>>> print(open('coords.pdb').read())   # PDB, C-alpha atoms
ATOM      1  CA  MET A   1     -10.239 -25.476  23.984
ATOM      2  CA  ALA A   2     -10.324 -21.713  24.498
ATOM      3  CA  THR A   3     -13.732 -20.115  24.963
ATOM      4  CA  GLY A   4     -14.856 -17.079  22.964
ATOM      5  CA  GLY A   5     -14.095 -14.830  25.931
ATOM      6  CA  GLU A   6     -10.593 -16.284  26.356
ATOM      7  CA  GLN A   7      -9.927 -15.931  22.637
ATOM      8  CA  ARG A   8     -10.973 -12.273  22.786
ATOM      9  CA  THR A   9      -8.709 -11.696  25.800
ATOM     10  CA  ASN A  10      -5.798 -13.387  24.006
ATOM     11  CA  GLY A  11      -6.543 -11.287  20.913
ATOM     12  CA  VAL A  12      -6.520  -8.078  22.927
ATOM     13  CA  GLY A  13      -3.216  -9.154  24.487
ATOM     14  CA  LYS A  14      -1.703  -9.660  21.040
ATOM     15  CA  ASP A  15      -3.081  -6.308  19.856
ATOM     16  CA  LEU A  16      -1.495  -4.590  22.843
ATOM     17  CA  ALA A  17       1.844  -6.325  22.253
ATOM     18  CA  ILE A  18       1.897  -5.221  18.590
ATOM     19  CA  TYR A  19       0.822  -1.704  19.616
ATOM     20  CA  VAL A  20       3.690  -1.456  22.129
ATOM     21  CA  CYS A  21       6.144  -2.777  19.494
ATOM     22  CA  ILE A  22       5.014  -0.158  16.968
ATOM     23  CA  LEU A  23       5.214   2.607  19.586
ATOM     24  CA  ALA A  24       8.730   1.474  20.524
ATOM     25  CA  LEU A  25       9.773   1.467  16.861
ATOM     26  CA  ALA A  26       8.314   4.961  16.402
ATOM     27  CA  ALA A  27      10.329   6.081  19.435
ATOM     28  CA  LEU A  28      13.405   4.507  17.851
ATOM     29  CA  GLN A  29      12.857   6.646  14.734
ATOM     30  CA  PHE A  30      12.853   9.753  16.924
ATOM     31  CA  ALA A  31      16.013   8.571  18.682
ATOM     32  CA  ILE A  32      17.738   8.037  15.314
ATOM     33  CA  ALA A  33      16.925  11.656  14.417
ATOM     34  CA  TYR A  34      19.214  12.772  17.260
ATOM     35  CA  GLN A  35      22.147  10.505  16.346
ATOM     36  CA  HIS A  36      25.259  12.210  15.007
ATOM     37  CA  ILE A  37      25.347  10.430  11.656
ATOM     38  CA  ASP A  38      25.164  11.671   8.080
ATOM     39  CA  ALA A  39      21.791  12.212   6.405
ATOM     40  CA  THR A  40      22.049   9.139   4.152
ATOM     41  CA  GLN A  41      22.717   6.789   7.067
ATOM     42  CA  MET A  42      19.943   8.440   9.045
ATOM     43  CA  PHE A  43      17.505   8.035   6.154
ATOM     44  CA  VAL A  44      18.396   4.360   5.663
ATOM     45  CA  ARG A  45      17.993   3.556   9.365
ATOM     46  CA  MET A  46      14.680   5.381   9.614
ATOM     47  CA  LEU A  47      13.390   3.705   6.457
ATOM     48  CA  ILE A  48      14.260   0.246   7.793
ATOM     49  CA  VAL A  49      12.427   0.988  11.056
ATOM     50  CA  ALA A  50       9.426   2.380   9.124
ATOM     51  CA  LEU A  51       9.304  -0.768   6.968
ATOM     52  CA  VAL A  52       9.271  -2.991  10.067
ATOM     53  CA  GLU A  53       6.501  -0.828  11.594
ATOM     54  CA  ALA A  54       4.491  -0.979   8.375
ATOM     55  CA  GLY A  55       4.992  -4.750   8.179
ATOM     56  CA  LEU A  56       3.649  -5.225  11.707
ATOM     57  CA  ALA A  57       0.656  -2.972  10.983
ATOM     58  CA  LEU A  58      -0.089  -4.773   7.715
ATOM     59  CA  LEU A  59       0.211  -8.297   9.072
ATOM     60  CA  PHE A  60      -1.457  -7.891  12.468
ATOM     61  CA  PHE A  61      -3.516  -4.661  12.548
ATOM     62  CA  MET A  62      -4.849  -5.178   9.006
ATOM     63  CA  HIS A  63      -4.939  -8.959   9.514
ATOM     64  CA  LEU A  64      -3.152  -9.721   6.250
ATOM     65  CA  TRP A  65      -1.494 -12.612   8.094
ATOM     66  CA  THR A  66      -4.820 -14.417   8.540
ATOM     67  CA  GLU A  67      -6.137 -13.735   5.021
ATOM     68  CA  LYS A  68      -5.565 -16.041   2.067
ATOM     69  CA  ARG A  69      -1.895 -16.212   1.110
ATOM     70  CA  ALA A  70      -2.838 -15.215  -2.451
ATOM     71  CA  LEU A  71      -4.080 -11.830  -1.176
ATOM     72  CA  MET A  72      -0.805 -11.286   0.649
ATOM     73  CA  TRP A  73       1.090 -12.055  -2.567
ATOM     74  CA  LEU A  74      -1.163  -9.776  -4.637
ATOM     75  CA  THR A  75      -0.747  -6.781  -2.320
ATOM     76  CA  GLY A  76       2.951  -7.487  -1.747
ATOM     77  CA  VAL A  77       3.980  -7.987  -5.359
ATOM     78  CA  LEU A  78       1.908  -5.078  -6.737
ATOM     79  CA  THR A  79       3.101  -2.668  -4.062
ATOM     80  CA  VAL A  80       6.762  -3.640  -4.286
ATOM     81  CA  PHE A  81       6.646  -3.445  -8.096
ATOM     82  CA  VAL A  82       5.131   0.054  -8.025
ATOM     83  CA  LEU A  83       7.595   1.232  -5.370
ATOM     84  CA  LEU A  84      10.578  -0.130  -7.284
ATOM     85  CA  ALA A  85       9.346   1.370 -10.558
ATOM     86  CA  MET A  86       9.405   4.817  -8.937
ATOM     87  CA  GLN A  87      13.116   4.649  -8.133
ATOM     88  CA  TYR A  88      14.408   5.327 -11.631
ATOM     89  CA  GLY A  89      14.849   9.079 -11.082
ATOM     90  CA  TRP A  90      17.369   9.118  -8.237
ATOM     91  CA  THR A  91      20.460   9.265 -10.443
ATOM     92  CA  ASP A  92      18.959  12.311 -12.138
ATOM     93  CA  SER A  93      18.516  14.083  -8.809
ATOM     94  CA  TYR A  94      22.224  13.480  -8.069
ATOM     95  CA  ARG A  95      23.069  14.751 -11.577
ATOM     96  CA  ILE A  96      21.141  17.981 -10.909
ATOM     97  CA  LEU A  97      23.027  18.486  -7.665
ATOM     98  CA  ASN A  98      26.520  17.353  -8.681
ATOM     99  CA  GLY A  99      26.625  17.743 -12.458
ATOM    100  CA  VAL A 100      27.203  14.869 -14.857
ATOM    101  CA  PRO A 101      30.377  13.050 -13.850
ATOM    102  CA  TRP A 102      30.464  10.901 -16.986
ATOM    103  CA  ALA A 103      30.417  14.025 -19.228
ATOM    104  CA  LYS A 104      33.739  15.320 -17.871
TER
ATOM    105  CA  MET B   1     -10.947 -16.106   9.570
ATOM    106  CA  SER B   2     -13.536 -13.687   8.243
ATOM    107  CA  GLN B   3     -17.235 -14.454   7.848
ATOM    108  CA  ALA B   4     -16.751 -14.697   4.103
ATOM    109  CA  ASP B   5     -14.181 -17.456   4.604
ATOM    110  CA  LEU B   6     -16.627 -19.442   6.683
ATOM    111  CA  THR B   7     -19.264 -19.311   3.971
ATOM    112  CA  MET B   8     -16.711 -20.501   1.424
ATOM    113  CA  GLU B   9     -15.744 -23.670   3.254
ATOM    114  CA  GLY B  10     -18.604 -25.693   1.842
ATOM    115  CA  HIS B  11     -17.568 -25.089  -1.766
ATOM    116  CA  ALA B  12     -15.386 -27.610  -3.548
ATOM    117  CA  HIS B  13     -14.497 -25.384  -6.494
ATOM    118  CA  ALA B  14     -11.549 -23.033  -6.626
ATOM    119  CA  PRO B  15     -12.392 -19.318  -6.398
ATOM    120  CA  GLY B  16     -13.030 -17.676  -9.734
ATOM    121  CA  ILE B  17     -15.486 -15.829 -11.909
ATOM    122  CA  THR B  18     -17.369 -18.903 -13.173
ATOM    123  CA  THR B  19     -17.880 -20.452  -9.738
ATOM    124  CA  GLY B  20     -19.392 -17.299  -8.236
ATOM    125  CA  ILE B  21     -16.887 -17.420  -5.377
ATOM    126  CA  PRO B  22     -15.146 -14.061  -4.880
ATOM    127  CA  PRO B  23     -11.417 -13.911  -5.652
ATOM    128  CA  PHE B  24      -9.221 -14.538  -2.583
ATOM    129  CA  SER B  25     -12.384 -15.662  -0.759
ATOM    130  CA  ILE B  26     -13.062 -12.234   0.697
ATOM    131  CA  PRO B  27     -16.153 -10.052   0.216
ATOM    132  CA  ALA B  28     -16.148  -7.731  -2.794
ATOM    133  CA  LYS B  29     -16.215  -4.615  -0.580
ATOM    134  CA  LYS B  30     -13.141  -5.781   1.295
ATOM    135  CA  MET B  31     -11.358  -6.595  -1.966
ATOM    136  CA  ALA B  32     -12.224  -3.112  -3.244
ATOM    137  CA  MET B  33     -10.710  -1.609  -0.111
ATOM    138  CA  TRP B  34      -7.498  -3.606  -0.568
ATOM    139  CA  LEU B  35      -7.262  -2.441  -4.186
ATOM    140  CA  PHE B  36      -7.869   1.147  -3.049
ATOM    141  CA  ILE B  37      -5.115   0.756  -0.455
ATOM    142  CA  ILE B  38      -2.693  -0.516  -3.116
ATOM    143  CA  ALA B  39      -3.573   2.451  -5.361
ATOM    144  CA  ASP B  40      -3.290   4.917  -2.488
ATOM    145  CA  THR B  41       0.079   3.428  -1.543
ATOM    146  CA  ALA B  42       1.228   4.334  -5.052
ATOM    147  CA  THR B  43      -0.121   7.892  -4.616
ATOM    148  CA  PHE B  44       1.678   8.476  -1.323
ATOM    149  CA  ALA B  45       4.816   6.735  -2.567
ATOM    150  CA  ALA B  46       4.852   8.991  -5.641
ATOM    151  CA  CYS B  47       4.553  12.066  -3.399
ATOM    152  CA  LEU B  48       7.323  10.883  -1.069
ATOM    153  CA  VAL B  49       9.639   9.868  -3.926
ATOM    154  CA  ALA B  50       9.056  13.248  -5.625
ATOM    155  CA  TYR B  51       9.769  14.926  -2.298
ATOM    156  CA  GLY B  52      12.988  12.922  -1.921
ATOM    157  CA  PHE B  53      14.003  13.798  -5.477
ATOM    158  CA  ILE B  54      13.471  17.540  -4.872
ATOM    159  CA  ARG B  55      15.226  17.410  -1.508
ATOM    160  CA  ASN B  56      18.165  15.506  -2.976
ATOM    161  CA  ALA B  57      18.533  17.941  -5.874
ATOM    162  CA  THR B  58      18.345  21.071  -3.685
ATOM    163  CA  PRO B  59      21.659  22.036  -2.034
ATOM    164  CA  ALA B  60      20.333  24.179   0.849
ATOM    165  CA  TRP B  61      17.278  22.336   2.084
ATOM    166  CA  PRO B  62      15.528  24.038   5.045
ATOM    167  CA  HIS B  63      15.565  22.440   8.504
ATOM    168  CA  PRO B  64      12.792  24.418  10.209
ATOM    169  CA  PHE B  65      11.693  21.999  12.931
ATOM    170  CA  HIS B  66      13.135  22.871  16.337
ATOM    171  CA  GLY B  67      11.483  20.179  18.412
ATOM    172  CA  ILE B  68       9.691  16.871  18.147
ATOM    173  CA  THR B  69       7.055  17.293  20.856
ATOM    174  CA  ASN B  70       4.131  18.022  18.557
ATOM    175  CA  VAL B  71       4.968  15.404  15.932
ATOM    176  CA  ALA B  72       5.687  12.818  18.659
ATOM    177  CA  LEU B  73       2.303  13.540  20.212
ATOM    178  CA  MET B  74       0.612  13.278  16.808
ATOM    179  CA  THR B  75       2.330   9.930  16.192
ATOM    180  CA  PHE B  76       1.294   8.606  19.599
ATOM    181  CA  VAL B  77      -2.323   9.682  19.054
ATOM    182  CA  LEU B  78      -2.529   8.115  15.597
ATOM    183  CA  ILE B  79      -0.954   4.784  16.614
ATOM    184  CA  THR B  80      -3.248   4.661  19.647
ATOM    185  CA  SER B  81      -6.232   5.281  17.375
ATOM    186  CA  SER B  82      -5.270   2.146  15.446
ATOM    187  CA  LEU B  83      -5.472   0.177  18.700
ATOM    188  CA  THR B  84      -8.932   1.575  19.500
ATOM    189  CA  MET B  85     -10.044   0.764  15.938
ATOM    190  CA  LEU B  86      -8.851  -2.810  16.410
ATOM    191  CA  GLN B  87     -10.856  -3.098  19.603
ATOM    192  CA  GLY B  88     -13.924  -1.736  17.841
ATOM    193  CA  VAL B  89     -13.632  -4.297  15.053
ATOM    194  CA  ARG B  90     -13.009  -7.066  17.591
ATOM    195  CA  ALA B  91     -16.043  -6.024  19.661
ATOM    196  CA  ALA B  92     -18.228  -5.871  16.519
ATOM    197  CA  ALA B  93     -17.080  -9.343  15.428
ATOM    198  CA  GLY B  94     -18.002 -10.639  18.897
ATOM    199  CA  GLY B  95     -21.467  -9.082  18.715
ATOM    200  CA  GLY B  96     -20.794  -6.335  21.268
ATOM    201  CA  LYS B  97     -22.601  -3.528  19.513
ATOM    202  CA  SER B  98     -22.324  -0.839  22.193
ATOM    203  CA  ALA B  99     -18.640  -1.604  22.838
ATOM    204  CA  ALA B 100     -17.935  -1.507  19.095
ATOM    205  CA  LEU B 101     -19.642   1.874  18.851
ATOM    206  CA  ARG B 102     -17.703   3.240  21.836
ATOM    207  CA  TRP B 103     -14.360   2.138  20.389
ATOM    208  CA  THR B 104     -15.270   3.475  16.940
ATOM    209  CA  PHE B 105     -16.159   6.884  18.376
ATOM    210  CA  ALA B 106     -12.992   6.828  20.491
ATOM    211  CA  THR B 107     -11.058   6.276  17.243
ATOM    212  CA  ALA B 108     -12.880   9.196  15.609
ATOM    213  CA  ALA B 109     -12.090  11.372  18.642
ATOM    214  CA  LEU B 110      -8.391  10.482  18.466
ATOM    215  CA  GLY B 111      -8.423  11.178  14.725
ATOM    216  CA  SER B 112      -9.918  14.594  15.448
ATOM    217  CA  VAL B 113      -7.216  15.293  18.046
ATOM    218  CA  PHE B 114      -4.586  14.342  15.463
ATOM    219  CA  ALA B 115      -6.158  16.706  12.907
ATOM    220  CA  LEU B 116      -6.277  19.566  15.431
ATOM    221  CA  LEU B 117      -2.619  19.044  16.371
ATOM    222  CA  HIS B 118      -1.791  19.030  12.676
ATOM    223  CA  VAL B 119      -3.666  22.282  12.037
ATOM    224  CA  ARG B 120      -1.959  23.850  15.053
ATOM    225  CA  GLU B 121       1.414  22.926  13.607
ATOM    226  CA  TRP B 122       0.483  24.308  10.191
ATOM    227  CA  LEU B 123      -0.649  27.592  11.749
ATOM    228  CA  GLY B 124       2.659  27.804  13.646
ATOM    229  CA  LEU B 125       4.642  27.383  10.433
ATOM    230  CA  ILE B 126       2.416  29.839   8.560
ATOM    231  CA  SER B 127       2.919  32.416  11.330
ATOM    232  CA  GLU B 128       6.690  32.012  10.837
ATOM    233  CA  GLY B 129       6.217  33.063   7.206
ATOM    234  CA  MET B 130       5.888  29.715   5.458
ATOM    235  CA  THR B 131       3.482  29.512   2.529
ATOM    236  CA  LEU B 132       3.077  27.136  -0.408
ATOM    237  CA  PHE B 133       5.736  28.948  -2.460
ATOM    238  CA  HIS B 134       7.817  30.853   0.061
ATOM    239  CA  ASN B 135       9.528  30.369   3.403
ATOM    240  CA  PRO B 136      12.181  32.292   5.295
ATOM    241  CA  TRP B 137      14.643  29.365   5.460
ATOM    242  CA  GLY B 138      15.503  28.671   1.826
ATOM    243  CA  THR B 139      13.964  27.053  -1.221
ATOM    244  CA  GLY B 140      10.246  27.677  -1.715
ATOM    245  CA  LEU B 141       9.853  24.060  -2.784
ATOM    246  CA  PHE B 142       9.960  23.053   0.863
ATOM    247  CA  GLY B 143       6.566  24.656   1.599
ATOM    248  CA  ALA B 144       5.003  23.183  -1.532
ATOM    249  CA  SER B 145       6.182  19.642  -0.777
ATOM    250  CA  PHE B 146       5.500  19.862   2.969
ATOM    251  CA  PHE B 147       1.942  21.150   2.606
ATOM    252  CA  SER B 148       1.205  18.742  -0.270
ATOM    253  CA  ILE B 149       2.269  15.601   1.568
ATOM    254  CA  THR B 150       0.948  16.475   5.029
ATOM    255  CA  GLY B 151      -2.179  17.993   3.436
ATOM    256  CA  LEU B 152      -2.879  14.797   1.525
ATOM    257  CA  HIS B 153      -2.466  12.817   4.730
ATOM    258  CA  LEU B 154      -4.629  15.229   6.720
ATOM    259  CA  THR B 155      -7.337  14.915   4.054
ATOM    260  CA  HIS B 156      -7.237  11.142   4.523
ATOM    261  CA  VAL B 157      -7.509  11.497   8.307
ATOM    262  CA  THR B 158     -10.426  13.943   8.019
ATOM    263  CA  ALA B 159     -12.237  11.678   5.549
ATOM    264  CA  GLY B 160     -11.563   8.760   7.898
ATOM    265  CA  VAL B 161     -13.031  10.587  10.903
ATOM    266  CA  ILE B 162     -16.190  11.425   8.934
ATOM    267  CA  ALA B 163     -16.432   7.830   7.698
ATOM    268  CA  LEU B 164     -15.954   6.488  11.245
ATOM    269  CA  ILE B 165     -18.833   8.593  12.533
ATOM    270  CA  VAL B 166     -21.139   7.736   9.611
ATOM    271  CA  VAL B 167     -20.362   3.999   9.649
ATOM    272  CA  GLY B 168     -20.531   3.917  13.464
ATOM    273  CA  VAL B 169     -23.989   5.501  13.506
ATOM    274  CA  ARG B 170     -25.264   3.269  10.712
ATOM    275  CA  TYR B 171     -23.760   0.174  12.358
ATOM    276  CA  ASN B 172     -25.609   1.118  15.529
ATOM    277  CA  SER B 173     -28.887   1.512  13.631
ATOM    278  CA  GLY B 174     -28.402  -1.880  11.968
ATOM    279  CA  ARG B 175     -27.875  -0.614   8.415
ATOM    280  CA  TYR B 176     -24.200  -1.641   8.407
ATOM    281  CA  LYS B 177     -22.674  -4.871   9.667
ATOM    282  CA  ALA B 178     -19.505  -5.789  11.524
ATOM    283  CA  ASP B 179     -17.827  -6.478   8.168
ATOM    284  CA  ASP B 180     -18.306  -2.826   7.171
ATOM    285  CA  LEU B 181     -16.551  -1.721  10.334
ATOM    286  CA  GLU B 182     -13.705  -4.143   9.576
ATOM    287  CA  ILE B 183     -13.333  -2.701   6.063
ATOM    288  CA  LEU B 184     -13.234   0.852   7.426
ATOM    289  CA  GLY B 185     -10.655  -0.381   9.929
ATOM    290  CA  LEU B 186      -8.393  -1.391   7.024
ATOM    291  CA  TYR B 187      -8.527   2.205   5.734
ATOM    292  CA  TRP B 188      -7.793   3.651   9.160
ATOM    293  CA  HIS B 189      -4.786   1.389   9.735
ATOM    294  CA  PHE B 190      -3.514   2.344   6.287
ATOM    295  CA  VAL B 191      -3.663   6.047   7.219
ATOM    296  CA  ASP B 192      -1.637   5.177  10.328
ATOM    297  CA  LEU B 193       0.824   3.158   8.236
ATOM    298  CA  VAL B 194       1.454   6.042   5.819
ATOM    299  CA  TRP B 195       2.241   8.351   8.752
ATOM    300  CA  MET B 196       5.126   6.019   9.706
ATOM    301  CA  PHE B 197       6.837   7.051   6.460
ATOM    302  CA  VAL B 198       5.774  10.714   6.445
ATOM    303  CA  VAL B 199       7.260  11.383   9.903
ATOM    304  CA  PRO B 200      10.885  10.433   9.134
ATOM    305  CA  MET B 201      10.875  11.838   5.593
ATOM    306  CA  VAL B 202       9.162  15.168   6.197
ATOM    307  CA  TYR B 203       9.832  15.911   9.873
ATOM    308  CA  LEU B 204      12.732  13.998  11.406
ATOM    309  CA  LEU B 205      15.165  14.492   8.522
ATOM    310  CA  ASN B 206      14.442  18.242   8.671
ATOM    311  CA  LEU B 207      15.188  18.821  12.350
ATOM    312  CA  SER B 208      17.453  21.745  13.100
ATOM    313  CA  HIS B 209      20.193  20.441  15.411
TER
END
>>> encode(input="coords.pdb", output="structure tokens")
Amino acid sequence: MATGGEQRTNGVGKDLAIYVCILALAALQFAIAYQHIDATQMFVRMLIVALVEAGLALLFFMHLWTEKRALMWLTGVLTVFVLLAMQYGWTDSYRILNGVPWAK
Amino acid sequence: MSQADLTMEGHAHAPGITTGIPPFSIPAKKMAMWLFIIADTATFAACLVAYGFIRNATPAWPHPFHGITNVALMTFVLITSSLTMLQGVRAAAGGGKSAALRWTFATAALGSVFALLHVREWLGLISEGMTLFHNPWGTGLFGASFFSITGLHLTHVTAGVIALIVVGVRYNSGRYKADDLEILGLYWHFVDLVWMFVVPMVYLLNLSH
């Protein structure tokens, strides 16, 4: 059985591993910014990396992983619902830029 | 497992209002912080979605950032501050009061460095002629959206630094407990988490190649 001191050392080791992962992912975002790809592809790649970073921070830095599963579901479902509900306007932004294709 | 979880183990009833056991078996203050984080996520998401909408609907969007050194340094400092916060919370949970205080103040110091780097960047942009409603590179909406989003984040960081100092001092004097430090830690990690989305949206997609 691990002592309190060993548990703390293991915990610090895990913290450091997550920290290095998040730093590496942040560096990856910066590397993507210098790729010769179009803006949409760049945005999608950066967003995916940011979501992975945020997931790691939520689960391990904010300890959501060790909380009750119900709390994870509450935060997850509410947040995802709100984020999805905000996406209704994108077609309008394209319409402003490109006109209304279906009106032609 | 938090201290609140340990105190719940003896109860046979399911959590709920009538049993007196807090929902999700976490202290009310911690629950309040989680609800605040959910609400604040919506605030930042609304700002970033509005920013994306404006950027998408504007043909000649400015790309004023020439380098990534400052923003990379800011990112490194903020992510590192999350690690120091974690160590502070861990030390407090283990009863190491002086270590917890040291790590908490280290986090506040890193937060201050982040804020100073941010202000330096703002001053650089302002000296190039960028204001809330005007900039030399194109649509004036860029300044409005940039200062709004980064300003909102900087306000969070500044509030966090003040809270870290206040809670750290009161934890040291015995008025606050380790749980209070853990709850403040949630806020600080959230501020770090938001930055992970602000950087690509506001900075990296606006680099001038």
>>> resolve_selection(input="coords.pdb", expression="the PyMOL selection byres ((chain A) within 6 of (chain B))", output="list in words")
Ala33, Ala50, Ala54, Met62, Leu71, Ser93, Ile96 and Leu97 of chain A
>>> residues_around(input="coords.pdb", residues="Ala100 in chain B", least_positions_apart="5", cutoff="7 Å", atoms="all atoms listed in the file", output="list of chain:residue names")
B:Gly88, B:Val89, B:Ala91, B:Ala92
>>> atom_distance(input="coords.pdb", atom1="CA of Ser81 in chain B", atom2="CA of Ala106 in chain B")
7.6 Å
>>> closest_residue(input="coords.pdb", among="A:Phe60, A:Trp90, A:Phe43, A:Trp73", to="Ile18 in chain A", atoms="all atoms listed in the file")
A:Phe60
>>> atom_distance(input="coords.pdb", atom1="CA of Leu164 in chain B", atom2="CA of Leu16 in chain A")
21.6 Å
>>> residues_around(input="coords.pdb", residues="Trp137 in chain B", least_positions_apart="3", cutoff="9 Å", atoms="all atoms listed in the file", output="PyMOL selection string")
chain B and resi 60-64+130+134+140
>>> atom_distance(input="coords.pdb", atom1="CA of Ala93 in chain B", atom2="CA of Asp179 in chain B")
7.8 Å
>>> closest_residue(input="coords.pdb", among="A:Met86, A:Phe30, A:Leu25, A:Gln41", to="Gly55 in chain A", atoms="only C-alpha atoms")
A:Leu25
